[in-house]
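Asker: Pasting in a structure now, in structure tokens, and then I'll have a few things to ask.
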Amino acid sequence: MKQRMLELLHSFVTNLWSFLKTLWQGRVFPWLRALTFLKALKILAACFLAGVLFVVLLFFILSFNLPTVESLKDYKPSLGTTIYAEDGRVLGQVRIEKGVHVPLQRIPQHMKNAILATEDPRFYQHAGIDYRGILRAALKNIIRMRVSQGGSTITQQLTKVVFLTPERSFVRKIREIILARRLEKEISKDEILELYLNKIYFGHGAYGVQMAAKTYFGKDIANINQAESALLAGLPKSPMVYSPYSDIDLTKLRQSQVLKRMVDEGYLTEAQSVQIYNQPLNLENLRSQEEPAPHIVDHIRKYILGKYGEEKLYHGGIKVYLSIDLDLQRAAVASLKDGLRALDKRQGFRGRVGHKEVKPAAARLGSLRVVVKPGEVFNGHVLAVGDYYLTVKGRGMVGYILQDDMAWALIKPKKHKDDPDEFKAPSEIIQPGDIVKVRFKDYDRKKQTASFLLDQTPLVEGAVVVLEPYTGYVRAMVGGYDFVEGGFNHATDARRQPGSAFKPFIYGAALEAKDGDNYKYTPASILMDLPVIHEKTEQDKGWKPENYDERFLGPMRMRTALALSRNAVTVRLLEDIGLSRAVTFARKAGITSPINEDYTSALGSSVVTPLELTSAYATFASQGIRSEPILIKSIVDGKGNMLEGYDPRPQESVDIVTAYLVTSLLKSVVDDGTGRGAKGLNKPLAGKTGTTNNYVDAWFVGYSPNIVTGVWVGYDNATASLGDRETGARSALPIWVGVMAKALADKPADDFPVPDEVVSARIDPETGLLAREDAADAVDDVFRKGTEPTQYAQTKGGPKAGQFYMLDQGEGDFTLIKKKAEEAED
């Protein structure tokens, strides 16, 4: 019934508005002139009375079922849920109220004056409704024939923020008026102003004046000056339009409007207004305000909401203590973003992000001085395009992008790899007026010019997981380049093919395989890198695995095969040991996702998550001890009661000797194979690259004795290619190196502990047999005790074992062939 009445009232309002528009356009005046004065007066009186009755009825109906304003009495912000890092620093908060509540006494008077002058000059005179403001707004709406102004007081705006929606309609406006009147009767003016200043939105995720002061100026609200107050006071009208991070010219225009209003209301003199306007403003670096672990905070939000409910999450004062190393988390975020930007640039320039015509005075430096740290990315307005440079204005600074600083966008595709670099002219990709992403490089104070680098926001995604192998503690986790609340966490939820990063589980299973009482394989076993065709796969046609370099190198040691990531060898190995043995071993290590029951599994065709794969590698790092990943160490309620607590529960899962032998093989990947990019860390490391067909996914998972890190890179579209030769070594490994550089900083270069049941022997690299004393190319290798070779290699003559197949193919230069193999995934 109530809904029906509201529909009728809405229809009446619509028809009345149409009538008034028609009246204004003069279509009714001829009819009115035809009436006598008395009749016209009666009609107008009847219309007026009907309007009054209608408004009274409307107010009466809408006054029911409105939210109660008593909840704002003695207001205290809800405790929400607070999330802590390992060292007790706050990692994030989950609250209904955004921002940080501060009492009115801590807010400077000039901040309050600026808000009052701009939003509600008669705040302390009216009773919640400013009838003058409503009349003024109504007249402007009638003139413009649309609802463009609301004439809302601060009290009305507060009711809208707390109780209502931001939609513009007559019904919502009446509800707003009713609630505003009630609110003024329940709490004082100062209490209303305090609530308003703590809840209003200032843009860039900043709710309330305290958060706004931190976001824009890096200050506590109590320490901002008058110029900063005037800037902040102009933002609530349209935060993103007037944001200094969006358009500084509009920011200064809005600031001048605020100062004019303050002069009009008597808060400032004209001279003071001019002085404040010309005062430099030091803006904070937006990047410093970014949360270091938004995906983790959202993960915890979902967990608490699902297990304890909304009331506990937002009002229970829950404290969640995590295993996260905050400094390492920040390094992981930075490394992932740097790596994804570099990859994105290798795919070329996608063009401008917007366009705005260049005004004659655009190059003039304003009074907005910006604190910008090297590396910060923001929008730049291209003022002019030269033959070898761009003139750009960004964050109040005018500067240049030189050819070297945008070479990645100008370089032309090469027909041949060895061709010299050729570049386009800047005018071929960018025009004056274009808005482009720029990265701040430096600033010359003498010349008052800035240097920028051309940049762009990556479309590619990625994830980083860092674990402590013996405990399973998650020390860092980054779920993607950007974050949207409730969005996708690639670290825990992205199910992607690991490619060659799955091979260690095949090799581990092979090292445990027996023929009777004897082990079938050692790291020195000779395997065959030869073509193989399998008919029984998930594909309809026969499947012929190929190597990255599309060549086959013949016989080679197991260690070399994994170091160079030879696909054909791995498939042959899986064929020999059997699928079930490999699956069982992968399960023991920690792979929980379904595994394809065909030989494509040897090359990582079965999907896993980054957290899952990293955790499985941790089993090798911890000498076969399996610990489930632990992110939450404990959860405590608002009264201090322990709700949950988690401690490591390590279990022996993989044979300690097998785990060490796999680690030893993976050390060769870093020392001599596809993971050579990690050697610069100068620490004992083991790991494996992974690249899937058509360069769709790129991985590197590796570890030291005490930390394991996994990196995945790819597009959300699981069929989109990262680009030609975008392998795990090129796309994922540099990110991994950046994370591990922080994790291993100031740590001793401890090597992996060698189990008692492991022995070493000096062998011939071509045959895997014991090397003779005079052998110049002998190498050391490790073995399970009892499996080391006992025979000596024969005196060599003729082509080496690895050469025979390629010589048979007519390829005599094995050095070149081996080099190409080593460059696989490089």
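Just so we're on the same page: first chain in the structure tokens is A, next is B, and so on; residues restart at 1 for each chain, and ligands are numbered from 1 in the order they show up.
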Based on DSSP run over this structure's backbone, return all residues of range 86-281 of chain A in strand (DSSP E or B), as an mmCIF file with all heavy atoms, in the first residue's frame.

Answerer:
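New file result-v1.cif:
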```cif
data_model
loop_
_atom_site.group_PDB
_atom_site.id
_atom_site.type_symbol
_atom_site.label_atom_id
_atom_site.label_comp_id
_atom_site.auth_asym_id
_atom_site.auth_seq_id
_atom_site.Cartn_x
_atom_site.Cartn_y
_atom_site.Cartn_z
ATOM 1 N N VAL A 90 50.360 -2.042 12.261
ATOM 2 C CA VAL A 90 49.041 -2.230 11.651
ATOM 3 C C VAL A 90 49.188 -2.426 10.148
ATOM 4 O O VAL A 90 49.785 -1.598 9.460
ATOM 5 C CB VAL A 90 48.118 -1.029 11.940
ATOM 6 C CG1 VAL A 90 46.794 -1.186 11.183
ATOM 7 C CG2 VAL A 90 47.846 -0.915 13.437
ATOM 8 N N LEU A 91 48.642 -3.519 9.664
ATOM 9 C CA LEU A 91 48.686 -3.836 8.239
ATOM 10 C C LEU A 91 47.460 -3.289 7.517
ATOM 11 O O LEU A 91 47.509 -2.938 6.342
ATOM 12 C CB LEU A 91 48.774 -5.348 8.048
ATOM 13 C CG LEU A 91 49.207 -5.871 6.691
ATOM 14 C CD1 LEU A 91 50.653 -5.465 6.412
ATOM 15 C CD2 LEU A 91 49.079 -7.388 6.643
ATOM 16 N N GLY A 92 46.346 -3.201 8.229
ATOM 17 C CA GLY A 92 45.114 -2.682 7.631
ATOM 18 C C GLY A 92 43.965 -2.777 8.608
ATOM 19 O O GLY A 92 44.070 -3.389 9.681
ATOM 20 N N GLN A 93 42.870 -2.156 8.261
ATOM 21 C CA GLN A 93 41.665 -2.173 9.085
ATOM 22 C C GLN A 93 40.443 -2.425 8.213
ATOM 23 O O GLN A 93 40.417 -2.051 7.033
ATOM 24 C CB GLN A 93 41.496 -0.842 9.832
ATOM 25 C CG GLN A 93 42.556 -0.603 10.904
ATOM 26 C CD GLN A 93 42.324 0.705 11.647
ATOM 27 O OE1 GLN A 93 42.091 1.742 11.037
ATOM 28 N NE2 GLN A 93 42.382 0.651 12.968
ATOM 29 N N VAL A 94 39.453 -3.047 8.816
ATOM 30 C CA VAL A 94 38.175 -3.268 8.150
ATOM 31 C C VAL A 94 37.110 -2.602 9.016
ATOM 32 O O VAL A 94 36.841 -3.049 10.137
ATOM 33 C CB VAL A 94 37.861 -4.773 7.995
ATOM 34 C CG1 VAL A 94 36.526 -4.960 7.282
ATOM 35 C CG2 VAL A 94 38.973 -5.464 7.228
ATOM 36 N N TYR A 201 33.611 12.831 2.026
ATOM 37 C CA TYR A 201 34.614 12.210 1.148
ATOM 38 C C TYR A 201 35.417 13.281 0.424
ATOM 39 O O TYR A 201 34.867 14.205 -0.163
ATOM 40 C CB TYR A 201 33.929 11.300 0.134
ATOM 41 C CG TYR A 201 34.884 10.532 -0.742
ATOM 42 C CD1 TYR A 201 35.827 9.676 -0.188
ATOM 43 C CD2 TYR A 201 34.854 10.664 -2.130
ATOM 44 C CE1 TYR A 201 36.714 8.967 -0.986
ATOM 45 C CE2 TYR A 201 35.743 9.951 -2.943
ATOM 46 C CZ TYR A 201 36.669 9.116 -2.349
ATOM 47 O OH TYR A 201 37.542 8.412 -3.139
ATOM 48 N N PHE A 202 36.759 13.114 0.447
ATOM 49 C CA PHE A 202 37.667 14.082 -0.164
ATOM 50 C C PHE A 202 38.408 13.527 -1.383
ATOM 51 O O PHE A 202 39.253 14.206 -1.939
ATOM 52 C CB PHE A 202 38.688 14.572 0.869
ATOM 53 C CG PHE A 202 38.112 15.473 1.920
ATOM 54 C CD1 PHE A 202 37.557 14.947 3.071
ATOM 55 C CD2 PHE A 202 38.111 16.849 1.756
ATOM 56 C CE1 PHE A 202 37.025 15.772 4.049
ATOM 57 C CE2 PHE A 202 37.586 17.691 2.719
ATOM 58 C CZ PHE A 202 37.033 17.152 3.881
ATOM 59 N N GLY A 203 38.096 12.315 -1.792
ATOM 60 C CA GLY A 203 38.750 11.742 -2.962
ATOM 61 C C GLY A 203 39.945 10.870 -2.625
ATOM 62 O O GLY A 203 40.526 10.965 -1.537
ATOM 63 N N ALA A 206 40.050 8.988 0.669
ATOM 64 C CA ALA A 206 40.181 9.738 1.920
ATOM 65 C C ALA A 206 38.804 10.167 2.438
ATOM 66 O O ALA A 206 38.135 10.996 1.830
ATOM 67 C CB ALA A 206 41.064 10.968 1.713
ATOM 68 N N TYR A 207 38.411 9.609 3.575
ATOM 69 C CA TYR A 207 37.165 9.979 4.231
ATOM 70 C C TYR A 207 37.497 10.763 5.492
ATOM 71 O O TYR A 207 38.255 10.293 6.349
ATOM 72 C CB TYR A 207 36.343 8.745 4.595
ATOM 73 C CG TYR A 207 35.741 8.027 3.411
ATOM 74 C CD1 TYR A 207 36.491 7.112 2.686
ATOM 75 C CD2 TYR A 207 34.431 8.279 3.010
ATOM 76 C CE1 TYR A 207 35.954 6.454 1.583
ATOM 77 C CE2 TYR A 207 33.880 7.626 1.913
ATOM 78 C CZ TYR A 207 34.648 6.721 1.207
ATOM 79 O OH TYR A 207 34.107 6.080 0.118
#
```

Asker: Taking 2 positions as the minimum chain separation for residues in the same chain, which residues sit within 9 Å of Tyr400 in chain A when counting only C-alpha atoms? Answer as a list in words.

Answerer: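 The neighbour list is Tyr389, Leu390, Thr391, Val392, Lys393, Val398, Leu402, Thr449, Ala450, Ser451, Phe452 and Leu453 of chain A.
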
Asker: List the spatial neighbours of Phe123 in chain A as a PyMOL selection string - criterion: any atom at most 8 Å away, only C-alpha atoms, same-chain residues fewer than 5 positions off excluded.

Answerer: chain A and resi 116+128+153-154

Asker: Excluding range 312-326 of chain A and any residue of its chain fewer than 4 positions from it, enumerate the residues within 7 Å of it, using only C-alpha atoms, and give them as a list in words.

Answerer: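 In the requested form, the answer reads Ser78, Leu79, Gly80, Thr81, Thr82, Ile83, Tyr84, Ala85, Glu86, Val94, Arg95, Ile96, Ile304, Leu305, Tyr308, Arg330, Tyr473, Val474, Arg475, Ala476, Leu631, Ile632, Lys633, Ser634, Ile635, Val636, Asp637 and Gly638 of chain A.
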
Asker: List the spatial neighbours of Leu733 in chain A as a list in words - criterion: any atom at most 10 Å away, only C-alpha atoms, same-chain residues fewer than 5 positions off excluded.

Answerer: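 Result of the neighbour search: Gly339, Thr674, Gly675, Arg676, Gly677, Ala678, Gly687, Lys688, Thr689, Gly690, Ala698, Trp699, Phe700, Val701, Gly702, Gly710, Val711, Trp712, Val713, Thr727, Gly728, Gly738, Val739 and Asp826 of chain A.
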
Asker: From a backbone DSSP assignment, name each residue in range 239-472 of chain A labelled helix (DSSP H, G or I), as number ranges by chain.

Answerer: A: 239-242, 248-264, 270-277, 286-289, 294-315, 326-346, 403-410, 426-428

Asker: So that each row is one residue of range 583-701 of chain A with an atom at most 8 Å from range 550-561 of chain A, can you give its shortest atom pair and the distance in Å to one decimal, using only C-alpha atoms, rows by chain and rising number, as a tab-separated table?

Answerer:
```
residue	atom	partner	partner_atom	distance
A:Leu665	CA	A:Arg559	CA	5.5
A:Ser668	CA	A:Arg559	CA	7.0
A:Gly673	CA	A:Thr560	CA	8.0
```

Asker: Suppose we keep N, CA, C and O atoms; can you now write the selection as an mmCIF file, in the first residue's frame?

Answerer:
```
data_model
loop_
_atom_site.group_PDB
_atom_site.id
_atom_site.type_symbol
_atom_site.label_atom_id
_atom_site.label_comp_id
_atom_site.auth_asym_id
_atom_site.auth_seq_id
_atom_site.Cartn_x
_atom_site.Cartn_y
_atom_site.Cartn_z
ATOM 1 N N LEU A 665 69.674 -30.453 -7.897
ATOM 2 C CA LEU A 665 69.370 -30.270 -9.318
ATOM 3 C C LEU A 665 68.907 -28.840 -9.602
ATOM 4 O O LEU A 665 69.294 -28.232 -10.610
ATOM 5 N N SER A 668 71.541 -26.246 -9.900
ATOM 6 C CA SER A 668 72.161 -26.190 -11.228
ATOM 7 C C SER A 668 71.347 -25.344 -12.193
ATOM 8 O O SER A 668 71.897 -24.759 -13.132
ATOM 9 N N GLY A 673 71.744 -22.968 -15.700
ATOM 10 C CA GLY A 673 70.597 -23.161 -16.571
ATOM 11 C C GLY A 673 69.734 -21.938 -16.768
ATOM 12 O O GLY A 673 70.225 -20.803 -16.810
#
```

Asker: Using CA of Gly205 in chain A and CA of Lys260 in chain A as the two end points, give the distance in Å to one decimal.

Answerer: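 It comes out at 27.5 Å.
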
Asker: I need the residue nearest Asp247 in chain A from this list: A:His101, A:His381, A:His126, A:Lys185. Use only C-alpha atoms for the distance.

Answerer: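 Ranking A:His101, A:His381, A:His126, A:Lys185 by distance to Asp247 in chain A, first place goes to A:His381.
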
Asker: Excluding Glu546 in chain A and any residue of its chain fewer than 3 positions from it, enumerate the residues within 12 Å of it, using only C-alpha atoms, and give them as a ChimeraX atom specification.

Answerer: /A:529-533,543,549-553,565-572,600,603,693

Asker: Only C-alpha atoms, please: the residues just picked out, written as a compact mmCIF listing (two decimals), in the first residue's frame.

Answerer:
```txt
# COMPACT_ATOMS: atom_id res chain seq x y z
CA ASP A 529 66.76 -35.94 -25.47
CA LEU A 530 65.07 -37.48 -28.52
CA PRO A 531 61.69 -37.04 -30.22
CA VAL A 532 58.76 -38.94 -28.72
CA ILE A 533 55.11 -39.18 -29.84
CA TRP A 543 51.15 -35.30 -29.15
CA ASP A 549 64.80 -24.35 -29.12
CA GLU A 550 63.03 -26.90 -31.38
CA ARG A 551 66.11 -29.13 -31.28
CA PHE A 552 67.10 -32.41 -29.63
CA LEU A 553 70.51 -32.80 -28.00
CA SER A 565 64.59 -27.54 -19.09
CA ARG A 566 64.52 -30.19 -21.85
CA ASN A 567 60.89 -31.15 -22.46
CA ALA A 568 61.43 -34.38 -24.38
CA VAL A 569 63.66 -35.75 -21.62
CA THR A 570 61.04 -35.04 -18.96
CA VAL A 571 58.27 -36.73 -20.92
CA ARG A 572 60.44 -39.81 -21.47
CA THR A 600 51.31 -33.58 -20.74
CA LEU A 603 55.30 -30.24 -18.78
CA ASN A 693 52.61 -22.60 -24.63
```
